[in-house]
file query.txt (compact mmCIF, C-alpha atoms and all ligand atoms)
# COMPACT_ATOMS: atom_id res chain seq x y z
CA MET U 109 -166.86 -12.32 -191.67
CA LEU U 110 -163.25 -12.10 -190.59
CA GLY U 111 -161.83 -9.73 -188.01
CA GLY U 112 -164.94 -7.58 -188.14
CA VAL U 113 -164.67 -6.97 -191.89
CA ALA U 114 -167.96 -7.22 -193.76
CA PHE U 115 -167.82 -7.37 -197.51
CA THR U 116 -170.46 -5.35 -199.27
CA LEU U 117 -170.38 -7.91 -202.03
CA GLY U 118 -168.45 -10.98 -202.99
CA VAL U 119 -169.31 -12.38 -206.37
CA GLY U 120 -166.20 -14.50 -206.76
CA PRO U 121 -165.43 -16.62 -209.76
CA VAL U 122 -168.52 -17.19 -211.82
CA GLY U 123 -170.82 -19.50 -209.96
CA ALA U 124 -173.57 -21.89 -210.90
CA ALA U 125 -176.23 -19.29 -210.10
CA GLU U 126 -174.86 -16.79 -212.61
CA ARG U 127 -174.37 -19.47 -215.24
CA GLU U 128 -177.94 -20.60 -214.72
CA ARG U 129 -179.18 -17.04 -214.97
CA TYR U 130 -177.33 -16.06 -218.10
CA GLY U 131 -176.68 -19.39 -219.77
CA SER U 132 -173.42 -20.02 -221.58
CA MET U 133 -172.99 -17.02 -223.84
CA GLY U 134 -169.82 -18.62 -225.16
CA ARG U 135 -172.04 -20.86 -227.24
CA GLU U 136 -173.62 -17.93 -228.97
CA ALA U 137 -170.75 -17.53 -231.41
CA THR U 138 -171.33 -21.04 -232.63
CA GLY U 139 -174.99 -20.36 -233.32
CA ALA U 140 -176.77 -21.62 -230.18
CA VAL U 141 -179.43 -19.30 -228.77
CA PRO U 142 -178.77 -17.92 -225.26
CA ARG U 143 -181.38 -18.90 -222.70
CA THR U 144 -181.87 -15.36 -221.37
CA PRO U 145 -181.15 -11.82 -222.62
CA LEU U 146 -177.52 -10.71 -222.73
CA PRO U 147 -176.06 -9.28 -219.52
CA ALA U 148 -176.40 -5.50 -219.38
CA PHE U 149 -172.77 -4.87 -220.32
CA LEU U 150 -172.88 -6.60 -223.71
CA PRO U 151 -171.79 -5.80 -226.32
CA VAL U 152 -168.68 -4.56 -224.52
CA ALA U 153 -165.98 -2.42 -226.12
CA PHE U 154 -162.39 -2.36 -224.87
CA VAL U 155 -160.38 0.79 -225.48
CA GLY U 156 -156.85 -0.51 -225.03
CA ALA U 157 -155.62 -4.00 -225.88
CA GLY U 158 -152.89 -4.43 -223.27
CA SER U 159 -152.41 -7.02 -220.55
CA MET U 160 -155.38 -5.90 -218.48
CA ALA U 161 -157.80 -5.88 -221.43
CA ARG U 162 -156.48 -9.25 -222.53
CA ALA U 163 -156.95 -10.74 -219.07
CA LEU U 164 -160.50 -9.39 -218.84
CA VAL U 165 -161.52 -10.55 -222.30
CA GLY U 166 -160.04 -14.00 -221.62
CA GLY U 167 -161.89 -14.20 -218.28
CA LEU U 168 -165.22 -13.10 -219.72
CA LEU U 169 -165.09 -15.63 -222.53
CA ALA U 170 -163.82 -18.46 -220.33
CA ALA U 171 -166.63 -17.81 -217.85
CA GLY U 172 -169.17 -18.06 -220.66
CA PHE U 173 -170.53 -14.61 -219.91
CA ALA U 174 -169.83 -13.32 -223.39
CA GLY U 175 -169.38 -14.80 -226.81
CA PRO U 176 -166.63 -13.51 -229.12
CA ALA U 177 -169.21 -11.62 -231.19
CA ASP U 178 -170.14 -9.55 -228.10
CA VAL U 179 -166.63 -8.20 -227.57
CA ARG U 180 -164.90 -5.47 -229.56
CA VAL U 181 -161.36 -4.24 -228.98
CA THR U 182 -159.40 -1.29 -230.26
CA ASN U 183 -156.05 0.24 -229.39
CA ARG U 184 -153.85 3.08 -230.56
CA SER U 185 -151.42 1.60 -233.08
CA ASP U 186 -150.05 -1.83 -232.14
CA ARG U 187 -151.55 -4.08 -234.84
CA GLU U 188 -149.76 -7.15 -233.56
CA ARG U 189 -151.58 -6.94 -230.22
CA LEU U 190 -154.93 -6.70 -232.00
CA ARG U 191 -154.07 -9.56 -234.30
CA SER U 192 -153.14 -11.70 -231.32
CA MET U 193 -156.42 -10.88 -229.52
CA ALA U 194 -158.42 -11.70 -232.65
CA GLU U 195 -156.55 -14.94 -233.16
CA THR U 196 -156.69 -16.10 -229.54
CA PHE U 197 -160.22 -15.06 -228.65
CA LYS U 198 -161.92 -14.61 -232.06
CA VAL U 199 -163.21 -11.23 -230.85
CA ARG U 200 -163.73 -8.28 -233.17
CA THR U 201 -160.78 -5.93 -233.30
CA TYR U 202 -160.59 -2.50 -234.88
CA ARG U 203 -157.54 -0.41 -235.64
CA GLY U 204 -157.10 2.95 -233.92
CA GLY U 205 -158.41 5.94 -235.87
CA ALA U 206 -161.81 7.58 -236.09
CA ARG U 207 -163.44 4.83 -238.14
CA GLY U 208 -162.11 2.00 -235.98
CA ARG U 209 -163.19 3.78 -232.81
CA ALA U 210 -166.70 4.34 -234.16
CA ALA U 211 -166.99 0.67 -235.15
CA THR U 212 -165.78 -0.36 -231.70
CA LEU U 213 -168.10 1.89 -229.72
CA ARG U 214 -171.25 1.82 -231.87
CA GLY U 215 -174.03 0.05 -229.96
CA ALA U 216 -171.73 -0.98 -227.08
CA ARG U 217 -173.54 -1.04 -223.73
CA ALA U 218 -170.29 -0.86 -221.80
CA VAL U 219 -166.91 0.61 -222.68
CA VAL U 220 -163.89 -0.53 -220.70
CA LEU U 221 -161.12 2.06 -220.62
CA ALA U 222 -157.87 0.10 -220.29
CA THR U 223 -155.08 2.46 -221.33
CA LYS U 224 -152.09 3.57 -219.28
CA PRO U 225 -152.92 6.55 -217.03
CA GLN U 226 -150.94 8.99 -219.17
CA ASP U 227 -152.87 7.94 -222.29
CA ALA U 228 -156.31 8.11 -220.69
CA PRO U 229 -157.09 11.81 -221.37
CA VAL U 230 -156.59 11.46 -225.11
CA ALA U 231 -158.43 8.14 -225.23
CA LEU U 232 -161.35 9.63 -223.31
CA ASP U 233 -161.51 12.67 -225.56
CA GLN U 234 -161.57 10.40 -228.57
CA CYS U 235 -164.38 8.34 -227.01
CA ARG U 236 -166.33 11.49 -226.26
CA GLU U 237 -166.14 12.60 -229.87
CA VAL U 238 -167.49 9.25 -231.07
CA LEU U 239 -170.21 9.00 -228.41
CA GLU U 240 -171.40 12.54 -229.13
CA THR U 241 -171.60 11.76 -232.84
CA LEU U 242 -173.47 8.52 -232.20
CA GLY U 243 -175.63 10.09 -229.47
CA GLU U 244 -174.93 7.13 -227.18
CA ARG U 245 -174.29 7.00 -223.40
CA PRO U 246 -172.92 3.55 -222.60
CA LEU U 247 -171.62 2.62 -219.17
CA VAL U 248 -167.91 3.50 -219.04
CA ILE U 249 -165.77 1.32 -216.77
CA SER U 250 -162.27 2.58 -216.13
CA VAL U 251 -159.52 0.29 -214.82
CA VAL U 252 -156.97 3.11 -215.02
CA ALA U 253 -155.02 3.40 -211.76
CA GLY U 254 -155.31 6.74 -210.00
CA LEU U 255 -157.99 8.13 -212.31
CA SER U 256 -161.08 9.29 -210.40
CA THR U 257 -164.63 8.78 -211.62
CA ARG U 258 -164.93 12.56 -211.64
CA ALA U 259 -161.95 12.92 -213.97
CA VAL U 260 -163.47 10.37 -216.35
CA GLU U 261 -166.93 11.97 -216.18
CA ASP U 262 -165.49 15.40 -216.91
CA ARG U 263 -164.16 14.21 -220.25
CA LEU U 264 -167.31 12.39 -221.38
CA PRO U 265 -170.77 13.60 -222.43
CA PRO U 266 -172.65 14.81 -219.32
CA GLY U 267 -174.71 12.06 -217.72
CA THR U 268 -172.46 9.22 -218.86
CA PRO U 269 -172.47 6.56 -216.11
CA VAL U 270 -168.94 5.76 -214.94
CA VAL U 271 -167.65 2.97 -212.70
CA ARG U 272 -164.03 2.86 -211.55
CA ALA U 273 -162.48 -0.56 -211.04
CA MET U 274 -159.21 -1.73 -209.53
CA PRO U 275 -158.59 -5.33 -210.50
CA ASN U 276 -155.22 -7.09 -210.32
CA THR U 277 -153.20 -9.25 -212.69
CA SER U 278 -154.72 -12.46 -211.33
CA CYS U 279 -157.62 -11.61 -213.68
CA GLN U 280 -155.83 -13.76 -216.20
CA VAL U 281 -156.50 -16.89 -214.12
CA GLY U 282 -159.96 -15.84 -212.94
CA ARG U 283 -158.71 -14.94 -209.45
CA SER U 284 -158.61 -11.17 -209.38
CA ALA U 285 -159.57 -9.22 -206.28
CA THR U 286 -161.42 -6.24 -207.76
CA ALA U 287 -162.83 -3.18 -206.02
CA LEU U 288 -165.47 -1.00 -207.67
CA ALA U 289 -166.63 2.56 -207.04
CA GLY U 290 -169.53 4.16 -208.85
CA GLY U 291 -169.46 7.72 -210.16
CA ARG U 292 -172.14 10.43 -209.96
CA TRP U 293 -174.35 9.03 -212.69
CA ALA U 294 -173.83 5.32 -212.11
CA ALA U 295 -177.13 3.63 -211.26
CA GLU U 296 -177.43 0.39 -209.32
CA SER U 297 -177.90 -1.41 -212.65
CA ASP U 298 -174.55 -0.02 -213.84
CA LEU U 299 -172.80 -1.30 -210.72
CA GLU U 300 -174.54 -4.62 -211.18
CA ALA U 301 -173.20 -4.81 -214.75
CA ALA U 302 -169.68 -4.05 -213.51
CA ARG U 303 -170.00 -6.61 -210.71
CA LEU U 304 -171.00 -9.22 -213.24
CA LEU U 305 -168.17 -8.36 -215.60
CA PHE U 306 -165.46 -8.45 -212.92
CA GLY U 307 -167.14 -11.38 -211.20
CA SER U 308 -166.21 -13.38 -214.27
CA VAL U 309 -162.54 -12.92 -213.37
CA GLY U 310 -162.64 -13.28 -209.59
CA PHE U 311 -163.81 -11.69 -206.37
CA VAL U 312 -165.55 -8.29 -206.45
CA VAL U 313 -166.24 -5.79 -203.71
CA GLU U 314 -167.71 -2.30 -203.80
CA VAL U 315 -165.93 0.46 -201.85
CA PRO U 316 -166.32 4.21 -201.36
CA GLU U 317 -164.07 5.86 -203.94
CA GLU U 318 -161.81 7.42 -201.29
CA GLN U 319 -160.70 3.89 -200.39
CA MET U 320 -159.40 3.18 -203.89
CA ASP U 321 -155.81 4.20 -203.05
CA ALA U 322 -155.78 1.75 -200.15
CA VAL U 323 -157.18 -0.94 -202.44
CA THR U 324 -154.47 -0.18 -205.00
CA GLY U 325 -151.72 -0.55 -202.38
CA LEU U 326 -153.19 -3.76 -200.99
CA SER U 327 -154.76 -5.88 -203.73
CA GLY U 328 -153.73 -3.97 -206.88
CA SER U 329 -150.03 -4.29 -206.08
CA GLY U 330 -150.47 -7.31 -203.77
CA PRO U 331 -149.60 -10.09 -206.23
CA ALA U 332 -146.03 -8.71 -206.38
CA TYR U 333 -145.60 -9.00 -202.60
CA ILE U 334 -146.63 -12.65 -202.77
CA TYR U 335 -144.25 -13.29 -205.66
CA LEU U 336 -141.44 -11.83 -203.54
CA MET U 337 -142.32 -14.23 -200.72
CA LEU U 338 -142.33 -17.09 -203.23
CA GLU U 339 -138.94 -16.02 -204.51
CA ALA U 340 -137.46 -15.77 -201.00
CA MET U 341 -138.78 -19.18 -199.91
CA THR U 342 -137.48 -20.77 -203.12
CA GLU U 343 -134.02 -19.25 -202.67
CA ALA U 344 -133.96 -20.40 -199.05
CA GLY U 345 -134.83 -23.98 -200.00
CA ALA U 346 -132.22 -24.01 -202.75
CA SER U 347 -129.57 -22.57 -200.41
CA LEU U 348 -130.23 -25.51 -198.09
CA GLY U 349 -129.49 -27.99 -200.86
CA LEU U 350 -132.89 -28.64 -202.46
CA PRO U 351 -132.96 -28.67 -206.25
CA PRO U 352 -134.24 -25.18 -207.23
CA ASP U 353 -137.22 -26.59 -209.18
CA LEU U 354 -138.27 -28.65 -206.20
CA ALA U 355 -137.77 -25.74 -203.81
CA TYR U 356 -139.97 -23.59 -206.05
CA ARG U 357 -142.69 -26.22 -206.24
CA LEU U 358 -142.67 -26.80 -202.50
CA ALA U 359 -142.88 -23.07 -201.82
CA LEU U 360 -145.69 -22.68 -204.36
CA GLU U 361 -147.75 -25.56 -202.98
CA THR U 362 -147.20 -24.26 -199.45
CA LEU U 363 -148.60 -20.87 -200.41
CA ARG U 364 -151.52 -22.51 -202.20
CA GLY U 365 -152.26 -24.75 -199.21
CA ALA U 366 -152.10 -21.88 -196.73
CA VAL U 367 -154.39 -19.70 -198.86
CA SER U 368 -156.84 -22.57 -199.40
CA THR U 369 -156.94 -23.25 -195.67
CA ALA U 370 -157.54 -19.59 -194.85
CA LEU U 371 -160.34 -19.47 -197.43
CA LEU U 372 -162.08 -22.49 -195.96
CA THR U 373 -162.06 -21.39 -192.34
CA SER U 374 -163.48 -18.50 -190.36
CA GLU U 375 -160.41 -18.47 -188.10
CA SER U 376 -158.20 -15.39 -188.08
CA PRO U 377 -154.67 -15.47 -189.55
CA ALA U 378 -153.29 -15.15 -185.98
CA GLU U 379 -155.18 -18.30 -184.93
CA LEU U 380 -154.11 -20.20 -188.04
CA LYS U 381 -150.50 -19.23 -187.31
CA ARG U 382 -150.85 -20.36 -183.69
CA ARG U 383 -152.10 -23.76 -184.82
CA VAL U 384 -148.98 -24.53 -186.84
CA THR U 385 -146.64 -23.27 -184.13
CA SER U 386 -145.74 -25.61 -181.28
CA PRO U 387 -143.70 -24.22 -178.39
CA GLY U 388 -139.98 -24.73 -178.95
CA GLY U 389 -140.63 -26.19 -182.42
CA THR U 390 -139.30 -25.44 -185.90
CA THR U 391 -142.02 -23.01 -186.98
CA MET U 392 -141.54 -20.98 -183.82
CA ALA U 393 -137.82 -20.72 -184.57
CA GLY U 394 -138.58 -19.48 -188.09
CA LEU U 395 -141.27 -17.03 -187.01
CA ALA U 396 -138.94 -15.57 -184.38
CA VAL U 397 -136.57 -14.49 -187.15
CA LEU U 398 -139.41 -12.91 -189.12
CA GLU U 399 -140.55 -11.04 -186.04
CA GLU U 400 -137.02 -9.89 -185.10
CA SER U 401 -136.43 -8.63 -188.62
CA GLY U 402 -139.69 -6.68 -188.74
CA PHE U 403 -141.38 -8.73 -191.50
CA LYS U 404 -144.92 -7.76 -190.56
CA ARG U 405 -144.01 -4.08 -190.18
CA ALA U 406 -142.31 -4.18 -193.58
CA VAL U 407 -145.40 -5.62 -195.29
CA ILE U 408 -147.62 -3.01 -193.66
CA GLU U 409 -145.23 -0.29 -194.77
CA ALA U 410 -145.14 -1.67 -198.32
CA VAL U 411 -148.94 -1.51 -198.62
CA ARG U 412 -148.95 1.97 -197.10
CA ARG U 413 -146.25 3.25 -199.45
CA ALA U 414 -147.95 1.79 -202.54
CA SER U 415 -151.21 3.37 -201.44
CA GLU U 416 -149.51 6.75 -200.96
CA ARG U 417 -147.98 6.42 -204.40
CA SER U 418 -151.42 5.79 -205.87
CA ALA U 419 -152.70 8.97 -204.21
CA GLN U 420 -149.69 10.91 -205.52
CA LEU U 421 -150.28 9.66 -209.06
CA ALA U 422 -153.93 10.65 -208.80
CA ALA U 423 -152.99 14.13 -207.57
CA HIS U 424 -150.42 14.46 -210.35
CA GLY U 425 -153.06 13.41 -212.86
CA ARG U 426 -155.44 16.06 -211.57
CA THR U 427 -152.89 18.80 -212.11
CA SER U 428 -151.26 17.56 -215.29
CA GLY U 429 -153.78 16.34 -217.75
CA TYR U 430 -156.66 14.19 -216.57
CA ARG U 431 -158.81 17.24 -216.16
CA ALA U 432 -156.87 19.72 -218.24
CA GLU U 433 -158.65 21.39 -221.10
CA GLY U 434 -157.25 22.12 -224.51
CA ASP U 435 -155.39 18.89 -225.23
CA ARG U 436 -158.06 17.33 -227.35
CA PRO U 437 -156.70 15.47 -230.34
CA ALA U 438 -157.33 16.91 -233.75
N1 LIG T 1 -151.49 -4.57 -214.90
C1 LIG T 1 -152.04 -4.48 -213.68
O1 LIG T 1 -151.72 -5.18 -212.72
C2 LIG T 1 -153.15 -3.50 -213.44
C3 LIG T 1 -153.96 -3.64 -212.31
C4 LIG T 1 -155.01 -2.74 -212.15
C5 LIG T 1 -155.21 -1.72 -213.07
N2 LIG T 1 -154.36 -1.62 -214.13
C6 LIG T 1 -154.57 -0.51 -215.05
O2 LIG T 1 -154.89 -1.03 -216.34
C7 LIG T 1 -154.51 -0.07 -217.31
C8 LIG T 1 -153.90 -0.81 -218.49
O3 LIG T 1 -152.74 -1.47 -218.06
P1 LIG T 1 -152.01 -2.50 -219.01
O4 LIG T 1 -150.95 -3.14 -218.20
O5 LIG T 1 -153.00 -3.33 -219.72
O6 LIG T 1 -151.34 -1.46 -220.09
P2 LIG T 1 -150.70 -1.77 -221.52
O7 LIG T 1 -150.36 -3.22 -221.63
O8 LIG T 1 -149.64 -0.76 -221.74
O9 LIG T 1 -151.90 -1.48 -222.56
C9 LIG T 1 -152.40 -0.20 -222.77
C10 LIG T 1 -153.22 -0.22 -224.06
O10 LIG T 1 -153.79 1.07 -224.23
C11 LIG T 1 -153.76 1.37 -225.63
N3 LIG T 1 -153.95 2.79 -225.89
C12 LIG T 1 -153.16 3.84 -225.55
N4 LIG T 1 -153.72 5.00 -225.98
C13 LIG T 1 -154.88 4.66 -226.59
C14 LIG T 1 -155.90 5.39 -227.26
N5 LIG T 1 -155.85 6.73 -227.37
N6 LIG T 1 -156.95 4.72 -227.77
C15 LIG T 1 -157.03 3.37 -227.68
N7 LIG T 1 -156.10 2.62 -227.08
C16 LIG T 1 -155.03 3.27 -226.54
C17 LIG T 1 -152.43 0.85 -226.06
O11 LIG T 1 -152.39 0.76 -227.47
P3 LIG T 1 -150.98 0.62 -228.26
O12 LIG T 1 -150.37 -0.67 -227.77
O13 LIG T 1 -151.40 0.56 -229.68
O14 LIG T 1 -150.17 1.81 -227.90
C18 LIG T 1 -152.43 -0.50 -225.33
O15 LIG T 1 -153.14 -1.45 -226.09
C19 LIG T 1 -153.54 0.90 -216.63
O16 LIG T 1 -154.14 2.17 -216.52
C20 LIG T 1 -153.31 0.32 -215.26
O17 LIG T 1 -153.26 1.33 -214.29
C21 LIG T 1 -153.36 -2.50 -214.36
call {"tool": "encode", "arguments": {"input": "query.txt", "output": "structure tokens", "more": "lines below"}}
Ligand SMILES: NC(=O)c1ccc[n+]([C@@H]2O[C@H](COP(=O)([O-])OP(=O)(O)OC[C@H]3O[C@@H](n4cnc5c(N)ncnc54)[C@H](OP(=O)(O)O)[C@@H]3O)[C@@H](O)[C@H]2O)c1
result
Amino acid sequence: MLGGVAFTLGVGPVGAAERERYGSMGREATGAVPRTPLPAFLPVAFVGAGSMARALVGGLLAAGFAGPADVRVTNRSDRERLRSMAETFKVRTYRGGARGRAATLRGARAVVLATKPQDAPVALDQCREVLETLGERPLVISVVAGLSTRAVEDRLPPGTPVVRAMPNTSCQVGRSATALAGGRWAAESDLEAARLLFGSVGFVVEVPEEQMDAVTGLSGSGPAYIYLMLEAMTEAGASLGLPPDLAYRLALETLRGAVSTALLTSESPAELKRRVTSPGGTTMAGLAVLEESGFKRAVIEAVRRASERSAQLAAHGRTSGYRAEGDRPA
């Protein structure tokens, strides 16, 4: 508990308990028998084979929560991306098109929608067609920014459970901060499946859906703010005569050390800051400049603006396609 914030859930990178419970599914592809039944989201189908899908697939396999045979991926037309996924992860990939989509979705217990927002309506309509034909109602997990659970539900067969997720790019190293919100028909078991899936690539928390824009501004876009800080500290070190590589490494290790310290303590950031600041010392001189130049205000404003932008995109989506009728593909 920090500053009065209570997390509804924190799964974090896959822990011993989960491994014990589900065994190492990664071994399944090589013939070993899993110790317990598959997690409720397997087999899982990815609609979209971009950076987010790639990061999630990589995280799932690395965590041992899924074997390659449990993961199917399809996209629209980029065969090279599919080839690369198949080669890197040995997962099953299927070309876009009705047959490929059916092969991807058939029997899947979870479908992860990972297209760009503007492509989501068509992708959802295509999924609906397949699911109606197959008569299946898998859990649909959307990572599409600014797309509400309602908008997803409206384009799928009635009763389809939907969970909305906002991960970030640190998925690729198993350190995402992901927020989840369940839709109308998502049962606790569906949320549990989503928690498990995103828990394989980092920290997971459940939030009311109206908080998703704030989450997007904070942790969805957050890695970029930290990279800017890293860039600025590196440039500063280099401008003072340090070799740029060394300046970069020192800045990087400093960020890592500060984050690790904050993770290990229950002290607030203000207290941690106070501890490294002695009166009249070097840190105080540096912090004074940050305070004079409005650093903290600027960061707050950045998160606020990104959050507003997320809300705008969602509103735009509502009026321009996510829920529009009549644009079903042939
Ligand atoms: N990157 C982030 O930091 C981040 C964080 C949180 C959430 N997200 C969300 O994640 C989603 C994906 O982002 P991304 O960066 O992975 O995008 P991306 O790299 O552009 O990948 C999008 C994928 O969607 C596929 N696609 C498009 N239309 C399709 C259709 N009708 N059927 C099947 N596949 C289709 C594309 O296929 P082709 O290549 O064949 O066109 C491509 O493989 C976005 O909605 C974004 O808001 C991203």
call {"tool": "residues_around", "arguments": {"input": "query.txt", "residues": "range 315-325 of chain U", "least_positions_apart": "2", "cutoff": "9 Å", "atoms": "only C-alpha atoms", "output": "ChimeraX atom specification"}}
result
/U:116,253-254,256-257,272-276,286-291,313,327-330,410-419,422
call {"tool": "closest_atom_pairs", "arguments": {"input": "query.txt", "of": "chain U", "to": "ligand LIG 1 (chain T)", "cutoff": "6 Å", "atoms": "all atoms listed in the file", "output": "tab-separated table"}}
result
residue	atom	partner	partner_atom	distance
U:Val155	CA	T:LIG1	C15	4.8
U:Gly156	CA	T:LIG1	O10	3.5
U:Ala157	CA	T:LIG1	O15	3.6
U:Gly158	CA	T:LIG1	O9	3.2
U:Ser159	CA	T:LIG1	O5	3.8
U:Met160	CA	T:LIG1	O5	3.7
U:Ala161	CA	T:LIG1	O5	5.7
U:Thr182	CA	T:LIG1	C15	5.8
U:Asn183	CA	T:LIG1	N7	3.3
U:Arg184	CA	T:LIG1	O13	3.6
U:Ser185	CA	T:LIG1	O13	3.6
U:Asp186	CA	T:LIG1	O13	3.7
U:Ala222	CA	T:LIG1	C8	4.5
U:Thr223	CA	T:LIG1	O10	3.5
U:Lys224	CA	T:LIG1	O16	3.7
U:Pro225	CA	T:LIG1	O16	4.6
U:Asp227	CA	T:LIG1	N4	4.8
U:Val230	CA	T:LIG1	N5	5.3
U:Ala231	CA	T:LIG1	N5	3.6
U:Val251	CA	T:LIG1	C6	5.0
U:Val252	CA	T:LIG1	O16	3.3
U:Ala253	CA	T:LIG1	O17	3.7
U:Met274	CA	T:LIG1	C4	5.1
U:Pro275	CA	T:LIG1	C4	4.7
U:Asn276	CA	T:LIG1	C3	4.2
U:Thr277	CA	T:LIG1	O1	4.3
U:Gly328	CA	T:LIG1	C3	5.4
call {"tool": "write_last_selection", "arguments": {"input": "query.txt", "atoms": "C-alpha atoms", "output": "compact mmCIF listing (two decimals), in the coordinates of the input"}}
result
# COMPACT_ATOMS: atom_id res chain seq x y z
CA VAL U 155 -160.38 0.79 -225.48
CA GLY U 156 -156.85 -0.51 -225.03
CA ALA U 157 -155.62 -4.00 -225.88
CA GLY U 158 -152.89 -4.43 -223.27
CA SER U 159 -152.41 -7.02 -220.55
CA MET U 160 -155.38 -5.90 -218.48
CA ALA U 161 -157.80 -5.88 -221.43
CA THR U 182 -159.40 -1.29 -230.26
CA ASN U 183 -156.05 0.24 -229.39
CA ARG U 184 -153.85 3.08 -230.56
CA SER U 185 -151.42 1.60 -233.08
CA ASP U 186 -150.05 -1.83 -232.14
CA ALA U 222 -157.87 0.10 -220.29
CA THR U 223 -155.08 2.46 -221.33
CA LYS U 224 -152.09 3.57 -219.28
CA PRO U 225 -152.92 6.55 -217.03
CA ASP U 227 -152.87 7.94 -222.29
CA VAL U 230 -156.59 11.46 -225.11
CA ALA U 231 -158.43 8.14 -225.23
CA VAL U 251 -159.52 0.29 -214.82
CA VAL U 252 -156.97 3.11 -215.02
CA ALA U 253 -155.02 3.40 -211.76
CA MET U 274 -159.21 -1.73 -209.53
CA PRO U 275 -158.59 -5.33 -210.50
CA ASN U 276 -155.22 -7.09 -210.32
CA THR U 277 -153.20 -9.25 -212.69
CA GLY U 328 -153.73 -3.97 -206.88
call {"tool": "closest_residue", "arguments": {"input": "query.txt", "among": "U:Gly282, U:Gly204, U:Pro269, U:Gly215", "to": "Ala170 in chain U", "atoms": "only C-alpha atoms"}}
result
U:Gly282
call {"tool": "atom_distance", "arguments": {"input": "query.txt", "atom1": "CA of Ala171 in chain U", "atom2": "CA of Ser308 in chain U"}}
result
5.7 Å
call {"tool": "atom_distance", "arguments": {"input": "query.txt", "atom1": "CA of Ala216 in chain U", "atom2": "CA of Gly267 in chain U"}}
result
16.3 Å
call {"tool": "closest_atom_pairs", "arguments": {"input": "query.txt", "of": "range 257-345 of chain U", "to": "range 360-372 of chain U", "cutoff": "12 Å", "atoms": "only C-alpha atoms", "output": "Markdown table"}}
result
| residue | atom | partner | partner_atom | distance |
| --- | --- | --- | --- | --- |
| U:Ile334 | CA | U:Leu363 | CA | 8.8 |
| U:Tyr335 | CA | U:Leu360 | CA | 9.6 |
| U:Leu336 | CA | U:Leu360 | CA | 11.7 |
| U:Met337 | CA | U:Leu363 | CA | 9.1 |
| U:Leu338 | CA | U:Leu360 | CA | 6.6 |
| U:Glu339 | CA | U:Leu360 | CA | 9.5 |
| U:Ala340 | CA | U:Leu360 | CA | 11.3 |
| U:Met341 | CA | U:Leu360 | CA | 8.9 |
| U:Thr342 | CA | U:Leu360 | CA | 8.5 |
| U:Gly345 | CA | U:Leu360 | CA | 11.8 |
call {"tool": "closest_residue", "arguments": {"input": "query.txt", "among": "U:Asp233, U:Ala218, U:Ser386, U:Pro151", "to": "Val199 in chain U", "atoms": "all atoms listed in the file"}}
result
U:Pro151
call {"tool": "atom_distance", "arguments": {"input": "query.txt", "atom1": "CA of Asp353 in chain U", "atom2": "CA of Ala163 in chain U"}}
result
27.2 Å
call {"tool": "axis_aligned_box", "arguments": {"input": "query.txt", "around": "range 383-397 of chain U", "padding_each_side": "6 Å", "output": "JSON"}}
result
{"center_x": -144.3, "center_y": -20.3, "center_z": -183.2, "size_x": 27.5, "size_y": 23.7, "size_z": 21.7}
call {"tool": "residues_around", "arguments": {"input": "query.txt", "residues": "Val179 in chain U", "least_positions_apart": "5", "cutoff": "9 Å", "atoms": "only C-alpha atoms", "output": "ChimeraX atom specification"}}
result
/U:150-154,165,174,199-201,212,216
call {"tool": "closest_residue", "arguments": {"input": "query.txt", "among": "U:Leu255, U:Leu264, U:Val248, U:Cys279", "to": "Pro331 in chain U", "atoms": "only C-alpha atoms"}}
result
U:Cys279
